[in-house]
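Trainee: First, the structure itself, so that you have it in front of you.
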Amino acid sequence: MLQPILHYGCHILIPLIIALIWYKPFWKFAFLIMIAGMLIDLDHLLANPIFDPNRCSIGFHPLHSYFAIIFYIFLLIPKKSRLVALGLVIHIFADLVDCSFI
């Protein structure tokens, strides 16, 4: 029961806290952009089975590959891509938390 609470808590609460603290004037927009980072889970549709509770996404799915993760980290540098990059990096962090339970 703790695993899904921590996993989805990271997906929702971390972007919300970041948006409220660092993007206060437009926190709703910042929050939605970061939440959109969950769209990288669309690569799960390429796997068979689509969902396996005993599989770690990191390093398995294309958008969760180590190359992609390095790319997401570099996207943090330019200000124009920072919100999207934050959403992606937070998503990867949430998946790492999930993987720690496997």
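Quick note on naming: the chains in the structure tokens go A, B, ... in the order shown, residues restart at 1 in each chain, and ligands are numbered from 1 in order of appearance.
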Looking only at the backbone, which of the residues in chain A does DSSP tag as helix (DSSP H, G or I), as number ranges by chain?
Mentor: A: 2-22, 24-46, 62-64, 66-74, 79-99
Trainee: For Ser65 (chain A), please output as a list in words all residues within 12 Å (counting only C-alpha atoms; exclusion window: fewer than 5 positions along the same chain).
Mentor: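 Everything that qualifies: Ile40, Asp41, Asp43, Cys56, Ser57, Ile58, Gly59, Phe60, Ile70, Phe71, Tyr72, Ile92 and Asp95 of chain A.
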Trainee: Save out the residues we just selected, N, CA, C and O atoms, as a PDB file, in the first residue's frame.
Mentor:
ATOM      1  N   ILE A  40       5.368  10.594 -20.661  1.00  0.00           N
ATOM      2  CA  ILE A  40       6.415   9.682 -21.123  1.00  0.00           C
ATOM      3  C   ILE A  40       6.055   8.228 -20.805  1.00  0.00           C
ATOM      4  O   ILE A  40       6.683   7.317 -21.334  1.00  0.00           O
ATOM      5  N   ASP A  41       5.034   8.029 -19.995  1.00  0.00           N
ATOM      6  CA  ASP A  41       4.570   6.660 -19.742  1.00  0.00           C
ATOM      7  C   ASP A  41       3.871   6.048 -20.946  1.00  0.00           C
ATOM      8  O   ASP A  41       3.539   4.863 -20.933  1.00  0.00           O
ATOM      9  N   ASP A  43       5.254   5.230 -23.475  1.00  0.00           N
ATOM     10  CA  ASP A  43       6.145   4.192 -23.989  1.00  0.00           C
ATOM     11  C   ASP A  43       5.858   2.822 -23.371  1.00  0.00           C
ATOM     12  O   ASP A  43       6.303   1.810 -23.881  1.00  0.00           O
ATOM     13  N   CYS A  56      10.884  -2.734 -13.409  1.00  0.00           N
ATOM     14  CA  CYS A  56      11.341  -1.355 -13.220  1.00  0.00           C
ATOM     15  C   CYS A  56      11.355  -0.661 -14.571  1.00  0.00           C
ATOM     16  O   CYS A  56      11.954  -1.164 -15.528  1.00  0.00           O
ATOM     17  N   SER A  57      10.710   0.473 -14.658  1.00  0.00           N
ATOM     18  CA  SER A  57      10.629   1.219 -15.913  1.00  0.00           C
ATOM     19  C   SER A  57      11.980   1.768 -16.345  1.00  0.00           C
ATOM     20  O   SER A  57      12.265   1.873 -17.536  1.00  0.00           O
ATOM     21  N   ILE A  58      12.807   2.140 -15.360  1.00  0.00           N
ATOM     22  CA  ILE A  58      14.094   2.757 -15.650  1.00  0.00           C
ATOM     23  C   ILE A  58      14.977   1.761 -16.394  1.00  0.00           C
ATOM     24  O   ILE A  58      15.236   0.665 -15.929  1.00  0.00           O
ATOM     25  N   GLY A  59      15.410   2.166 -17.577  1.00  0.00           N
ATOM     26  CA  GLY A  59      16.274   1.325 -18.381  1.00  0.00           C
ATOM     27  C   GLY A  59      15.533   0.293 -19.212  1.00  0.00           C
ATOM     28  O   GLY A  59      16.155  -0.402 -20.014  1.00  0.00           O
ATOM     29  N   PHE A  60      14.225   0.186 -19.047  1.00  0.00           N
ATOM     30  CA  PHE A  60      13.456  -0.805 -19.805  1.00  0.00           C
ATOM     31  C   PHE A  60      12.711  -0.169 -20.981  1.00  0.00           C
ATOM     32  O   PHE A  60      12.796  -0.640 -22.096  1.00  0.00           O
ATOM     33  N   ILE A  70      19.580  11.299 -19.245  1.00  0.00           N
ATOM     34  CA  ILE A  70      20.654  12.289 -19.369  1.00  0.00           C
ATOM     35  C   ILE A  70      20.164  13.488 -20.174  1.00  0.00           C
ATOM     36  O   ILE A  70      20.430  14.648 -19.816  1.00  0.00           O
ATOM     37  N   PHE A  71      19.413  13.226 -21.240  1.00  0.00           N
ATOM     38  CA  PHE A  71      18.830  14.301 -22.049  1.00  0.00           C
ATOM     39  C   PHE A  71      17.901  15.173 -21.204  1.00  0.00           C
ATOM     40  O   PHE A  71      17.950  16.406 -21.283  1.00  0.00           O
ATOM     41  N   TYR A  72      17.045  14.552 -20.375  1.00  0.00           N
ATOM     42  CA  TYR A  72      16.118  15.305 -19.518  1.00  0.00           C
ATOM     43  C   TYR A  72      16.891  16.195 -18.547  1.00  0.00           C
ATOM     44  O   TYR A  72      16.484  17.332 -18.281  1.00  0.00           O
ATOM     45  N   ILE A  92      10.948  10.572 -13.533  1.00  0.00           N
ATOM     46  CA  ILE A  92      11.988   9.552 -13.403  1.00  0.00           C
ATOM     47  C   ILE A  92      12.277   9.283 -11.932  1.00  0.00           C
ATOM     48  O   ILE A  92      12.429   8.124 -11.520  1.00  0.00           O
ATOM     49  N   ASP A  95       9.612   7.117 -10.560  1.00  0.00           N
ATOM     50  CA  ASP A  95       9.804   5.734 -11.014  1.00  0.00           C
ATOM     51  C   ASP A  95      10.952   5.067 -10.268  1.00  0.00           C
ATOM     52  O   ASP A  95      10.898   3.865 -10.009  1.00  0.00           O
TER      53      ASP A  95
END
Trainee: Please list as a list in words every residue within 7 Å of region 10-27 of chain A, counting only C-alpha atoms and excluding residues in the same chain fewer than 6 positions away.
Mentor: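 Those residues are Met34, Ile35, Ile90, His91 and Ala94 of chain A.
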Trainee: Please save N, CA and C atoms of the selected residues as a CSV table (one decimal), in the first residue's frame.
Mentor:
chain,number,residue,atom,x,y,z
A,34,MET,N,4.5,20.5,-15.5
A,34,MET,CA,5.3,19.4,-14.9
A,34,MET,C,4.5,18.1,-14.8
A,35,ILE,N,3.2,18.2,-14.6
A,35,ILE,CA,2.4,17.0,-14.5
A,35,ILE,C,2.3,16.3,-15.9
A,90,ILE,N,11.3,14.7,-12.4
A,90,ILE,CA,10.4,14.3,-11.3
A,90,ILE,C,9.8,13.0,-11.6
A,91,HIS,N,9.3,12.8,-12.8
A,91,HIS,CA,8.7,11.5,-13.2
A,91,HIS,C,9.7,10.4,-13.1
A,94,ALA,N,10.2,9.6,-9.4
A,94,ALA,CA,9.0,8.8,-8.9
A,94,ALA,C,9.2,7.4,-9.3
Trainee: Would you pick out the contacts of Ile73 (chain A) at 12 Å or less, using only C-alpha atoms, so that residues sharing its chain but fewer than 4 positions from it are not included, and give the list as a list in words?
Mentor: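 My reading of the contact set: Tyr66, Phe67, Ala68, Ile69, Ile77, Pro78, Ser81, Arg82, Leu83, Val84, Ala85, Leu86, Gly87, Leu88, Val89, Ile90, His91, Ile92 and Phe93 of chain A.
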Trainee: Could those residues be written to a file, using all heavy atoms, as a compact mmCIF listing (two decimals), in the first residue's frame?
Mentor:
# COMPACT_ATOMS: atom_id res chain seq x y z
N TYR A 66 18.54 5.29 -20.05
CA TYR A 66 19.57 6.12 -19.44
C TYR A 66 19.94 7.29 -20.35
O TYR A 66 20.20 8.40 -19.87
CB TYR A 66 20.79 5.28 -19.07
CG TYR A 66 20.44 4.22 -18.05
CD1 TYR A 66 20.37 2.88 -18.39
CD2 TYR A 66 20.15 4.59 -16.73
CE1 TYR A 66 20.01 1.92 -17.45
CE2 TYR A 66 19.80 3.63 -15.78
CZ TYR A 66 19.73 2.30 -16.16
OH TYR A 66 19.38 1.36 -15.23
N PHE A 67 19.96 7.06 -21.65
CA PHE A 67 20.23 8.14 -22.60
C PHE A 67 19.16 9.22 -22.47
O PHE A 67 19.47 10.42 -22.44
CB PHE A 67 20.27 7.59 -24.03
CG PHE A 67 20.46 8.65 -25.07
CD1 PHE A 67 21.71 9.21 -25.28
CD2 PHE A 67 19.38 9.12 -25.81
CE1 PHE A 67 21.89 10.21 -26.23
CE2 PHE A 67 19.55 10.11 -26.76
CZ PHE A 67 20.81 10.65 -26.97
N ALA A 68 17.89 8.83 -22.42
CA ALA A 68 16.80 9.79 -22.29
C ALA A 68 16.89 10.57 -20.98
O ALA A 68 16.68 11.78 -20.94
CB ALA A 68 15.45 9.08 -22.39
N ILE A 69 17.25 9.88 -19.91
CA ILE A 69 17.36 10.53 -18.60
C ILE A 69 18.45 11.60 -18.62
O ILE A 69 18.26 12.71 -18.11
CB ILE A 69 17.62 9.48 -17.50
CG1 ILE A 69 16.39 8.58 -17.35
CG2 ILE A 69 17.96 10.15 -16.17
CD1 ILE A 69 16.61 7.34 -16.52
N ILE A 77 18.89 22.93 -18.02
CA ILE A 77 19.78 24.09 -18.11
C ILE A 77 19.10 25.29 -18.78
O ILE A 77 19.06 26.37 -18.19
CB ILE A 77 21.10 23.70 -18.79
CG1 ILE A 77 21.82 22.65 -17.94
CG2 ILE A 77 21.99 24.92 -19.01
CD1 ILE A 77 22.99 21.96 -18.62
N PRO A 78 18.56 25.16 -20.00
CA PRO A 78 17.91 26.35 -20.59
C PRO A 78 16.60 26.69 -19.86
O PRO A 78 15.81 25.80 -19.52
CB PRO A 78 17.60 25.93 -22.03
CG PRO A 78 18.31 24.65 -22.26
CD PRO A 78 18.58 24.04 -20.93
N SER A 81 13.15 25.43 -21.38
CA SER A 81 12.74 24.03 -21.28
C SER A 81 12.69 23.52 -19.84
O SER A 81 12.40 22.35 -19.61
CB SER A 81 13.68 23.13 -22.11
OG SER A 81 15.00 23.24 -21.63
N ARG A 82 12.95 24.38 -18.89
CA ARG A 82 13.10 23.94 -17.50
C ARG A 82 11.85 23.31 -16.92
O ARG A 82 11.93 22.29 -16.23
CB ARG A 82 13.58 25.10 -16.64
CG ARG A 82 14.04 24.64 -15.27
CD ARG A 82 14.87 25.68 -14.56
NE ARG A 82 16.07 25.95 -15.32
CZ ARG A 82 16.69 27.13 -15.33
NH1 ARG A 82 16.22 28.14 -14.65
NH2 ARG A 82 17.79 27.30 -16.03
N LEU A 83 10.68 23.89 -17.15
CA LEU A 83 9.45 23.31 -16.57
C LEU A 83 9.18 21.92 -17.12
O LEU A 83 8.83 20.99 -16.37
CB LEU A 83 8.25 24.21 -16.83
CG LEU A 83 8.02 25.33 -15.84
CD1 LEU A 83 6.87 26.21 -16.29
CD2 LEU A 83 7.77 24.78 -14.46
N VAL A 84 9.33 21.76 -18.41
CA VAL A 84 9.14 20.44 -19.02
C VAL A 84 10.16 19.47 -18.46
O VAL A 84 9.83 18.34 -18.08
CB VAL A 84 9.25 20.52 -20.56
CG1 VAL A 84 9.23 19.14 -21.18
CG2 VAL A 84 8.14 21.38 -21.13
N ALA A 85 11.41 19.91 -18.37
CA ALA A 85 12.48 19.06 -17.86
C ALA A 85 12.23 18.68 -16.40
O ALA A 85 12.47 17.53 -16.00
CB ALA A 85 13.82 19.76 -18.00
N LEU A 86 11.76 19.63 -15.61
CA LEU A 86 11.43 19.31 -14.21
C LEU A 86 10.37 18.21 -14.14
O LEU A 86 10.49 17.28 -13.34
CB LEU A 86 10.93 20.56 -13.48
CG LEU A 86 11.99 21.50 -12.95
CD1 LEU A 86 11.36 22.82 -12.50
CD2 LEU A 86 12.75 20.86 -11.81
N GLY A 87 9.36 18.32 -14.97
CA GLY A 87 8.33 17.29 -14.99
C GLY A 87 8.90 15.92 -15.35
O GLY A 87 8.55 14.91 -14.74
N LEU A 88 9.80 15.90 -16.33
CA LEU A 88 10.40 14.63 -16.76
C LEU A 88 11.32 14.06 -15.69
O LEU A 88 11.29 12.85 -15.39
CB LEU A 88 11.16 14.83 -18.07
CG LEU A 88 10.29 15.22 -19.27
CD1 LEU A 88 11.16 15.66 -20.43
CD2 LEU A 88 9.38 14.07 -19.67
N VAL A 89 12.14 14.91 -15.08
CA VAL A 89 13.07 14.44 -14.05
C VAL A 89 12.30 13.99 -12.80
O VAL A 89 12.65 12.97 -12.19
CB VAL A 89 14.11 15.54 -13.72
CG1 VAL A 89 14.94 15.19 -12.50
CG2 VAL A 89 15.01 15.78 -14.93
N ILE A 90 11.27 14.71 -12.45
CA ILE A 90 10.43 14.29 -11.30
C ILE A 90 9.77 12.96 -11.61
O ILE A 90 9.67 12.09 -10.74
CB ILE A 90 9.39 15.38 -10.96
CG1 ILE A 90 10.09 16.62 -10.39
CG2 ILE A 90 8.34 14.86 -9.98
CD1 ILE A 90 9.22 17.86 -10.33
N HIS A 91 9.32 12.77 -12.83
CA HIS A 91 8.72 11.50 -13.23
C HIS A 91 9.73 10.36 -13.07
O HIS A 91 9.40 9.30 -12.53
CB HIS A 91 8.24 11.57 -14.68
CG HIS A 91 7.66 10.29 -15.16
ND1 HIS A 91 6.30 10.07 -15.15
CD2 HIS A 91 8.22 9.15 -15.61
CE1 HIS A 91 6.08 8.83 -15.60
NE2 HIS A 91 7.23 8.27 -15.89
N ILE A 92 10.95 10.57 -13.53
CA ILE A 92 11.99 9.55 -13.40
C ILE A 92 12.28 9.28 -11.93
O ILE A 92 12.43 8.12 -11.52
CB ILE A 92 13.27 9.97 -14.16
CG1 ILE A 92 13.00 10.04 -15.67
CG2 ILE A 92 14.43 9.05 -13.84
CD1 ILE A 92 12.59 8.73 -16.32
N PHE A 93 12.32 10.34 -11.11
CA PHE A 93 12.53 10.16 -9.67
C PHE A 93 11.41 9.32 -9.06
O PHE A 93 11.67 8.41 -8.27
CB PHE A 93 12.61 11.52 -8.97
CG PHE A 93 12.70 11.40 -7.48
CD1 PHE A 93 13.88 11.02 -6.87
CD2 PHE A 93 11.59 11.66 -6.68
CE1 PHE A 93 13.96 10.89 -5.49
CE2 PHE A 93 11.66 11.53 -5.30
CZ PHE A 93 12.85 11.15 -4.71
